Amino acid sequence: MSNKPHVVVIGGGSTGCGIARDLSMRGVDVTLVEQGNLTHGTTGRMHGLLHSGGRYAVADQIAAEECIDENRILRDIASHCVEMTGGLFVKRPEDTEEYFQKKLEGCKECNIPAEVLSAEEAREIEPYLAKDIDKAIKVPDGAIDPFRLCVANAASAEEHGARIETHAPVVDLLTEDGEVVGVEVEHETGPGKRVHREPGTREKIRADYVVNATGAWAGQIGEMAGLEQEIEVRPGKGVMTIMNTRQVDTVINRCKPKGDADIVVPHETTAILGTTDIEVDDPEDYPEEQWEVDLMIDTLSELVPILKEARTIRSFWGVRPLYEPPETGTSDSTDITRRYFLLDHEERDNVKGMTSIVGGKFTTYRLMAEEISDHVCEKFDIDAECRTADVPLPGSDDFSVLDDYMDEYGIRSPIGRRSTQRLGSRTDEVLDYDGPNPTVCECEAVTRAEIQDSIESAGSDLNATRIRTRASMGNCQGAFCTHRMAAELYDEYDADIAYDAWDELYQERWKGERHAMWGTQLSQAALKYSLHATTMNRDKDAATTDSVVDFSAFDSGATAGGAGGTASTAATDGGRTGDD
């Protein structure tokens, strides 16, 4: 029997995965449970900004200082997840000089490197900036892949003995004599990796301590515990719009006080425009409105005019887990601090066995995890220091491999470069594949080896494979690769499972595409429909129905009106029946 305390972490976003990693590295027995895939919540619905702290240097300097400190750490420990693009805070003629100077001074006060650039110098860095900008402040912003980062944290936690359970929503907390002693979860197909069509089960997981790291859902977990005070999370929704290419290679911020549509983040092969901040009641049930998408393009075109002409490929909404202490009384959610708070429910609500961590930023996830891990270890008299600031995540422990594997595995150099950027130091392990290694997703340059590596841990869940590899996340949004991804499930999984996984992935892609149905993207959507619904017959696929298909009629070119048809009837070969 192990003497190690067992801690259940609820929530598989950046903070929850970070906590699981930190605690397991200190020798604690950890189980993480997540209602969907890793990054199901806020983490998977962000613009991918690695904050320099510049955005908070005027209004929230504590948050700004935390961001720049963690920015430097993540560059080291998560190098295969980070692209140091740099950032610009751009002043337009209508923006005030007073605020520009406050931003510059705030950066200096928070030890954020900041350099003033003339309009000409800024356009040398980003030629598509508007011709009438005044000047800019250069800061060390970056882009970060939240999916890759969370998966790496979860993988590290597993390497240190943690158990990671996805698609396992908490349906109740186990309590005894006013103390939280565990959780009850409902496994969709588990436990273990998700496999479509396998029966689900319920499981009671007892624990010595429970950590609530569910972000915008923290209040719902608090209700299960019967807390005296509600966990006052105020979810704020924001839209992000994804463009078809990188119109900029630097993070572009509008240098003005808080407002909507003020940032463009170059992310992998795309650019992400953001965002709005509208308070909502439910983190999973809120309107997704077209005017928000239009606002992104119209407003940010003032900074980068080419956005007006560019193709939008999808939009998505995320919910910020904003928190303010009771009796603060902020009426405008944009005024709520971005700092984080640790709520010990024994001290706060006289409920032992559970602590919640709320608020904060993605960039500060590791710091948040360190603080709550310190808190848990103190409760159990565990004398173990945090090592997450110094020990690289899996994939970043030797990033020099980026330039070493281009020819070794017989794949084209651009494909090899993209693979090594994603895999980092795991490149050798993954790409040393026994068999042909064709490219499955051309847009994101994802090979069979990466897909199969993901399936090994993700099961039949192709959306889990998507977040691990970026397959289906490029320009075509899965038009040319979702069926290939489904085919990679064979022969470990049967056809019914592959079809279910394919349909689920396809519907997830459509969810964001439906907000971009105009111009050339509408043509792209029509092509995608033609490929999947007609050529592949996915809307009436005989393999997924009980109806009998008369294939002999198809082979003979017979029509519904009779064997001969008429001169105006299309034949199966694309010609017309009755033609000579």
# chains A, B, ... in the order shown; residues from 1 in each chain; ligands from 1

$ select_by_dssp --residues "stretch 196-415 of chain A" --states "alpha helix (DSSP H)" --output "VMD selection string"
chain A and resid 218 to 225 290 to 300 345 to 349 365 to 379 413 to 415

$ write_last_selection --atoms "C-alpha atoms" --output "short mmCIF file (atom, residue, chain, number, x, y, z; two decimals), in the first residue's frame"
data_model
loop_
_atom_site.label_atom_id
_atom_site.label_comp_id
_atom_site.auth_asym_id
_atom_site.auth_seq_id
_atom_site.Cartn_x
_atom_site.Cartn_y
_atom_site.Cartn_z
CA ALA A 218 -15.55 26.03 -11.10
CA GLY A 219 -18.87 27.24 -9.73
CA GLN A 220 -20.62 24.06 -10.89
CA ILE A 221 -18.11 21.89 -9.01
CA GLY A 222 -18.52 24.17 -6.01
CA GLU A 223 -22.28 23.53 -6.01
CA MET A 224 -21.63 19.78 -5.85
CA ALA A 225 -19.58 20.36 -2.69
CA GLN A 290 -22.15 36.91 -36.80
CA TRP A 291 -21.72 40.58 -35.90
CA GLU A 292 -18.82 39.59 -33.65
CA VAL A 293 -17.01 37.97 -36.57
CA ASP A 294 -17.70 41.00 -38.77
CA LEU A 295 -16.34 43.27 -36.02
CA MET A 296 -13.02 41.40 -35.99
CA ILE A 297 -12.42 41.89 -39.69
CA ASP A 298 -13.77 45.44 -39.97
CA THR A 299 -11.91 46.81 -36.94
CA LEU A 300 -8.61 45.00 -37.33
CA HIS A 345 -12.59 25.68 0.98
CA GLU A 346 -11.74 24.53 4.49
CA GLU A 347 -10.81 28.11 5.41
CA ARG A 348 -13.45 29.76 3.22
CA ASP A 349 -16.45 27.42 3.54
CA TYR A 365 -0.68 28.34 -15.96
CA ARG A 366 2.64 26.94 -14.67
CA LEU A 367 2.87 29.52 -11.89
CA MET A 368 -0.72 28.78 -10.86
CA ALA A 369 0.05 25.06 -10.81
CA GLU A 370 3.14 25.66 -8.69
CA GLU A 371 1.23 27.67 -6.11
CA ILE A 372 -1.57 25.17 -5.66
CA SER A 373 0.90 22.27 -5.64
CA ASP A 374 2.79 24.03 -2.84
CA HIS A 375 -0.54 24.39 -1.04
CA VAL A 376 -1.41 20.69 -1.37
CA CYS A 377 2.07 19.54 -0.35
CA GLU A 378 1.96 21.75 2.73
CA LYS A 379 -1.28 20.05 3.83
CA SER A 413 12.22 18.92 -46.24
CA PRO A 414 9.20 21.23 -45.67
CA ILE A 415 7.24 18.27 -44.29
#

$ residues_around --residues "A:Ala216" --least-positions-apart "3" --cutoff "10 Å" --atoms "only C-alpha atoms" --output "count of residues only"
21

$ residues_around --residues "A:Ala471" --least-positions-apart "6" --cutoff "10 Å" --atoms "only C-alpha atoms" --output "JSON, numbers by chain"
{"A": [440, 441, 442, 443, 444, 445, 446, 447, 450, 451, 462, 463, 465, 477, 478, 481, 482, 485]}

$ residues_around --residues "A:Gly53" --least-positions-apart "6" --cutoff "8 Å" --atoms "only C-alpha atoms" --output "PDB file with all heavy atoms, in the first residue's frame"
ATOM      1  N   ALA A  63      -0.418  41.266 -12.861  1.00  0.00           N
ATOM      2  CA  ALA A  63      -0.599  40.265 -13.918  1.00  0.00           C
ATOM      3  C   ALA A  63       0.471  40.413 -14.988  1.00  0.00           C
ATOM      4  O   ALA A  63       0.979  39.422 -15.526  1.00  0.00           O
ATOM      5  CB  ALA A  63      -1.994  40.396 -14.535  1.00  0.00           C
ATOM      6  N   ALA A  64       0.844  41.658 -15.311  1.00  0.00           N
ATOM      7  CA  ALA A  64       1.875  41.890 -16.331  1.00  0.00           C
ATOM      8  C   ALA A  64       3.212  41.304 -15.902  1.00  0.00           C
ATOM      9  O   ALA A  64       3.917  40.672 -16.703  1.00  0.00           O
ATOM     10  CB  ALA A  64       2.006  43.383 -16.595  1.00  0.00           C
ATOM     11  N   GLU A  65       3.582  41.499 -14.657  1.00  0.00           N
ATOM     12  CA  GLU A  65       4.863  40.975 -14.154  1.00  0.00           C
ATOM     13  C   GLU A  65       4.866  39.451 -14.140  1.00  0.00           C
ATOM     14  O   GLU A  65       5.872  38.813 -14.473  1.00  0.00           O
ATOM     15  CB  GLU A  65       5.131  41.533 -12.762  1.00  0.00           C
ATOM     16  CG  GLU A  65       5.443  43.026 -12.768  1.00  0.00           C
ATOM     17  CD  GLU A  65       5.471  43.630 -11.368  1.00  0.00           C
ATOM     18  OE1 GLU A  65       5.097  42.912 -10.399  1.00  0.00           O
ATOM     19  OE2 GLU A  65       5.852  44.809 -11.237  1.00  0.00           O
ATOM     20  N   GLU A  66       3.731  38.854 -13.766  1.00  0.00           N
ATOM     21  CA  GLU A  66       3.630  37.393 -13.806  1.00  0.00           C
ATOM     22  C   GLU A  66       3.801  36.888 -15.235  1.00  0.00           C
ATOM     23  O   GLU A  66       4.489  35.877 -15.470  1.00  0.00           O
ATOM     24  CB  GLU A  66       2.275  36.948 -13.245  1.00  0.00           C
ATOM     25  CG  GLU A  66       2.106  37.177 -11.760  1.00  0.00           C
ATOM     26  CD  GLU A  66       0.693  36.905 -11.279  1.00  0.00           C
ATOM     27  OE1 GLU A  66      -0.218  36.739 -12.143  1.00  0.00           O
ATOM     28  OE2 GLU A  66       0.482  36.848 -10.053  1.00  0.00           O
ATOM     29  N   CYS A  67       3.202  37.593 -16.194  1.00  0.00           N
ATOM     30  CA  CYS A  67       3.257  37.156 -17.590  1.00  0.00           C
ATOM     31  C   CYS A  67       4.684  37.190 -18.132  1.00  0.00           C
ATOM     32  O   CYS A  67       5.126  36.231 -18.780  1.00  0.00           O
ATOM     33  CB  CYS A  67       2.358  38.026 -18.452  1.00  0.00           C
ATOM     34  SG  CYS A  67       0.597  37.637 -18.319  1.00  0.00           S
ATOM     35  N   ILE A  68       5.424  38.258 -17.909  1.00  0.00           N
ATOM     36  CA  ILE A  68       6.776  38.329 -18.478  1.00  0.00           C
ATOM     37  C   ILE A  68       7.689  37.300 -17.831  1.00  0.00           C
ATOM     38  O   ILE A  68       8.537  36.700 -18.508  1.00  0.00           O
ATOM     39  CB  ILE A  68       7.368  39.754 -18.389  1.00  0.00           C
ATOM     40  CG1 ILE A  68       8.688  39.829 -19.151  1.00  0.00           C
ATOM     41  CG2 ILE A  68       7.524  40.204 -16.958  1.00  0.00           C
ATOM     42  CD1 ILE A  68       8.606  39.498 -20.622  1.00  0.00           C
ATOM     43  N   CYS A 107       5.412  49.212 -19.269  1.00  0.00           N
ATOM     44  CA  CYS A 107       6.302  48.101 -19.638  1.00  0.00           C
ATOM     45  C   CYS A 107       7.628  48.205 -18.896  1.00  0.00           C
ATOM     46  O   CYS A 107       8.156  47.206 -18.372  1.00  0.00           O
ATOM     47  CB  CYS A 107       6.536  48.090 -21.145  1.00  0.00           C
ATOM     48  SG  CYS A 107       5.121  47.504 -22.124  1.00  0.00           S
ATOM     49  N   ILE A 112       9.367  44.697 -18.669  1.00  0.00           N
ATOM     50  CA  ILE A 112       9.068  44.134 -19.982  1.00  0.00           C
ATOM     51  C   ILE A 112       9.895  44.888 -21.009  1.00  0.00           C
ATOM     52  O   ILE A 112       9.748  46.109 -21.144  1.00  0.00           O
ATOM     53  CB  ILE A 112       7.570  44.288 -20.314  1.00  0.00           C
ATOM     54  CG1 ILE A 112       6.715  43.573 -19.264  1.00  0.00           C
ATOM     55  CG2 ILE A 112       7.273  43.751 -21.711  1.00  0.00           C
ATOM     56  CD1 ILE A 112       5.233  43.913 -19.353  1.00  0.00           C
TER      57      ILE A 112
END

$ select_by_dssp --residues "stretch 179-352 of chain A" --states "strand (DSSP E)" --output "number ranges by chain"
A: 179-187, 201-206, 209-212, 233-243, 251-254, 263-267, 270-274, 278-279, 312-323, 340-344

$ residues_around --residues "stretch 130-132 of chain A" --least-positions-apart "2" --cutoff "8 Å" --atoms "only C-alpha atoms" --output "ChimeraX atom specification"
/A:92-93,128,134,302-305

$ write_last_selection --atoms "N, CA, C and O atoms" --output "PDB file, in the first residue's frame"
ATOM      1  N   ARG A  92      -2.445  54.249 -33.940  1.00  0.00           N
ATOM      2  CA  ARG A  92      -3.031  54.923 -35.090  1.00  0.00           C
ATOM      3  C   ARG A  92      -3.223  56.404 -34.761  1.00  0.00           C
ATOM      4  O   ARG A  92      -3.180  56.795 -33.590  1.00  0.00           O
ATOM      5  N   PRO A  93      -3.486  57.264 -35.760  1.00  0.00           N
ATOM      6  CA  PRO A  93      -3.634  58.705 -35.504  1.00  0.00           C
ATOM      7  C   PRO A  93      -4.720  59.030 -34.486  1.00  0.00           C
ATOM      8  O   PRO A  93      -4.586  59.985 -33.710  1.00  0.00           O
ATOM      9  N   TYR A 128       2.486  44.832 -44.191  1.00  0.00           N
ATOM     10  CA  TYR A 128       1.056  45.010 -44.421  1.00  0.00           C
ATOM     11  C   TYR A 128       0.376  45.900 -43.387  1.00  0.00           C
ATOM     12  O   TYR A 128      -0.855  46.064 -43.427  1.00  0.00           O
ATOM     13  N   ASP A 134       1.017  55.735 -36.747  1.00  0.00           N
ATOM     14  CA  ASP A 134       1.957  56.733 -36.218  1.00  0.00           C
ATOM     15  C   ASP A 134       3.291  56.109 -35.808  1.00  0.00           C
ATOM     16  O   ASP A 134       4.356  56.534 -36.244  1.00  0.00           O
ATOM     17  N   GLU A 302      -8.272  48.141 -39.856  1.00  0.00           N
ATOM     18  CA  GLU A 302      -7.705  49.466 -39.653  1.00  0.00           C
ATOM     19  C   GLU A 302      -6.208  49.388 -39.354  1.00  0.00           C
ATOM     20  O   GLU A 302      -5.454  50.318 -39.647  1.00  0.00           O
ATOM     21  N   LEU A 303      -5.789  48.266 -38.777  1.00  0.00           N
ATOM     22  CA  LEU A 303      -4.358  48.037 -38.528  1.00  0.00           C
ATOM     23  C   LEU A 303      -3.691  47.317 -39.687  1.00  0.00           C
ATOM     24  O   LEU A 303      -2.568  47.643 -40.072  1.00  0.00           O
ATOM     25  N   VAL A 304      -4.378  46.298 -40.217  1.00  0.00           N
ATOM     26  CA  VAL A 304      -3.830  45.460 -41.285  1.00  0.00           C
ATOM     27  C   VAL A 304      -4.864  45.415 -42.409  1.00  0.00           C
ATOM     28  O   VAL A 304      -5.717  44.515 -42.460  1.00  0.00           O
ATOM     29  N   PRO A 305      -4.846  46.374 -43.324  1.00  0.00           N
ATOM     30  CA  PRO A 305      -5.910  46.494 -44.338  1.00  0.00           C
ATOM     31  C   PRO A 305      -6.108  45.257 -45.190  1.00  0.00           C
ATOM     32  O   PRO A 305      -7.216  45.007 -45.679  1.00  0.00           O
TER      33      PRO A 305
END

$ residues_around --residues "A:Ala464" --least-positions-apart "2" --cutoff "8 Å" --atoms "only C-alpha atoms" --output "number ranges by chain"
A: 37-38, 454, 458, 461-462, 466-468

$ write_last_selection --atoms "all heavy atoms" --output "PDB file, in the first residue's frame"
ATOM      1  N   ASN A  37     -12.073  16.197 -24.312  1.00  0.00           N
ATOM      2  CA  ASN A  37     -10.649  16.058 -24.594  1.00  0.00           C
ATOM      3  C   ASN A  37      -9.854  17.012 -23.722  1.00  0.00           C
ATOM      4  O   ASN A  37     -10.401  17.977 -23.174  1.00  0.00           O
ATOM      5  CB  ASN A  37     -10.369  16.401 -26.065  1.00  0.00           C
ATOM      6  CG  ASN A  37     -10.477  15.187 -26.961  1.00  0.00           C
ATOM      7  OD1 ASN A  37      -9.996  14.115 -26.619  1.00  0.00           O
ATOM      8  ND2 ASN A  37     -11.105  15.345 -28.115  1.00  0.00           N
ATOM      9  N   LEU A  38      -8.555  16.793 -23.603  1.00  0.00           N
ATOM     10  CA  LEU A  38      -7.704  17.823 -23.032  1.00  0.00           C
ATOM     11  C   LEU A  38      -7.921  19.108 -23.832  1.00  0.00           C
ATOM     12  O   LEU A  38      -8.095  19.072 -25.055  1.00  0.00           O
ATOM     13  CB  LEU A  38      -6.234  17.404 -23.096  1.00  0.00           C
ATOM     14  CG  LEU A  38      -5.836  16.150 -22.312  1.00  0.00           C
ATOM     15  CD1 LEU A  38      -4.347  15.862 -22.503  1.00  0.00           C
ATOM     16  CD2 LEU A  38      -6.176  16.259 -20.834  1.00  0.00           C
ATOM     17  N   SER A 454      -0.349   9.359 -32.431  1.00  0.00           N
ATOM     18  CA  SER A 454      -1.451   9.931 -31.664  1.00  0.00           C
ATOM     19  C   SER A 454      -2.526   8.898 -31.372  1.00  0.00           C
ATOM     20  O   SER A 454      -3.038   8.820 -30.249  1.00  0.00           O
ATOM     21  CB  SER A 454      -2.054  11.113 -32.423  1.00  0.00           C
ATOM     22  OG  SER A 454      -3.196  11.589 -31.761  1.00  0.00           O
ATOM     23  N   ALA A 458      -4.617   8.215 -28.115  1.00  0.00           N
ATOM     24  CA  ALA A 458      -5.935   8.847 -28.175  1.00  0.00           C
ATOM     25  C   ALA A 458      -7.056   7.874 -28.487  1.00  0.00           C
ATOM     26  O   ALA A 458      -8.221   8.243 -28.433  1.00  0.00           O
ATOM     27  CB  ALA A 458      -5.931   9.964 -29.226  1.00  0.00           C
ATOM     28  N   ASP A 461     -10.493   8.457 -31.069  1.00  0.00           N
ATOM     29  CA  ASP A 461     -10.938   9.858 -31.015  1.00  0.00           C
ATOM     30  C   ASP A 461     -10.100  10.712 -31.963  1.00  0.00           C
ATOM     31  O   ASP A 461      -8.996  11.135 -31.628  1.00  0.00           O
ATOM     32  CB  ASP A 461     -10.820  10.375 -29.583  1.00  0.00           C
ATOM     33  CG  ASP A 461     -11.486  11.724 -29.392  1.00  0.00           C
ATOM     34  OD1 ASP A 461     -11.678  12.438 -30.389  1.00  0.00           O
ATOM     35  OD2 ASP A 461     -11.798  12.059 -28.235  1.00  0.00           O
ATOM     36  N   LEU A 462     -10.616  10.986 -33.159  1.00  0.00           N
ATOM     37  CA  LEU A 462      -9.849  11.745 -34.145  1.00  0.00           C
ATOM     38  C   LEU A 462      -9.744  13.220 -33.785  1.00  0.00           C
ATOM     39  O   LEU A 462      -8.829  13.907 -34.252  1.00  0.00           O
ATOM     40  CB  LEU A 462     -10.462  11.575 -35.531  1.00  0.00           C
ATOM     41  CG  LEU A 462     -10.341  10.176 -36.133  1.00  0.00           C
ATOM     42  CD1 LEU A 462     -11.005  10.121 -37.501  1.00  0.00           C
ATOM     43  CD2 LEU A 462      -8.879   9.739 -36.242  1.00  0.00           C
ATOM     44  N   ARG A 466      -6.466  15.328 -33.755  1.00  0.00           N
ATOM     45  CA  ARG A 466      -6.386  16.686 -34.324  1.00  0.00           C
ATOM     46  C   ARG A 466      -5.617  17.632 -33.401  1.00  0.00           C
ATOM     47  O   ARG A 466      -4.726  18.360 -33.854  1.00  0.00           O
ATOM     48  CB  ARG A 466      -7.806  17.220 -34.563  1.00  0.00           C
ATOM     49  CG  ARG A 466      -7.866  18.688 -34.954  1.00  0.00           C
ATOM     50  CD  ARG A 466      -9.300  19.146 -35.122  1.00  0.00           C
ATOM     51  NE  ARG A 466     -10.086  19.015 -33.912  1.00  0.00           N
ATOM     52  CZ  ARG A 466     -10.097  19.914 -32.913  1.00  0.00           C
ATOM     53  NH1 ARG A 466      -9.349  20.996 -32.988  1.00  0.00           N
ATOM     54  NH2 ARG A 466     -10.852  19.719 -31.845  1.00  0.00           N
ATOM     55  N   ILE A 467      -5.940  17.659 -32.132  1.00  0.00           N
ATOM     56  CA  ILE A 467      -5.278  18.615 -31.247  1.00  0.00           C
ATOM     57  C   ILE A 467      -3.822  18.245 -30.996  1.00  0.00           C
ATOM     58  O   ILE A 467      -3.014  19.110 -30.665  1.00  0.00           O
ATOM     59  CB  ILE A 467      -6.038  18.802 -29.917  1.00  0.00           C
ATOM     60  CG1 ILE A 467      -5.979  17.534 -29.061  1.00  0.00           C
ATOM     61  CG2 ILE A 467      -7.469  19.241 -30.167  1.00  0.00           C
ATOM     62  CD1 ILE A 467      -6.552  17.714 -27.662  1.00  0.00           C
ATOM     63  N   ARG A 468      -3.478  16.977 -31.184  1.00  0.00           N
ATOM     64  CA  ARG A 468      -2.093  16.569 -30.994  1.00  0.00           C
ATOM     65  C   ARG A 468      -1.227  16.865 -32.225  1.00  0.00           C
ATOM     66  O   ARG A 468      -0.028  17.055 -32.100  1.00  0.00           O
ATOM     67  CB  ARG A 468      -2.029  15.072 -30.676  1.00  0.00           C
ATOM     68  CG  ARG A 468      -2.444  14.714 -29.257  1.00  0.00           C
ATOM     69  CD  ARG A 468      -2.758  13.227 -29.130  1.00  0.00           C
ATOM     70  NE  ARG A 468      -2.877  12.797 -27.741  1.00  0.00           N
ATOM     71  CZ  ARG A 468      -3.962  12.990 -27.000  1.00  0.00           C
ATOM     72  NH1 ARG A 468      -5.019  13.598 -27.513  1.00  0.00           N
ATOM     73  NH2 ARG A 468      -3.998  12.571 -25.743  1.00  0.00           N
TER      74      ARG A 468
END

$ closest_residue --among "A:Cys110, A:Leu50, A:Cys255, A:Met243" --to "A:Cys81" --atoms "only C-alpha atoms"
A:Leu50

$ atom_distance --atom1 "atom CA of A:Arg194" --atom2 "atom CA of A:Gly182"
22.5 Å

$ residues_around --residues "A:Leu149" --least-positions-apart "2" --cutoff "12 Å" --atoms "only C-alpha atoms" --output "PyMOL selection string"
chain A and resi 12-18+21+38-39+43-44+48+50+74-75+77-82+143-147+151-156+362-363+365-366+392-396+422-424+467-469
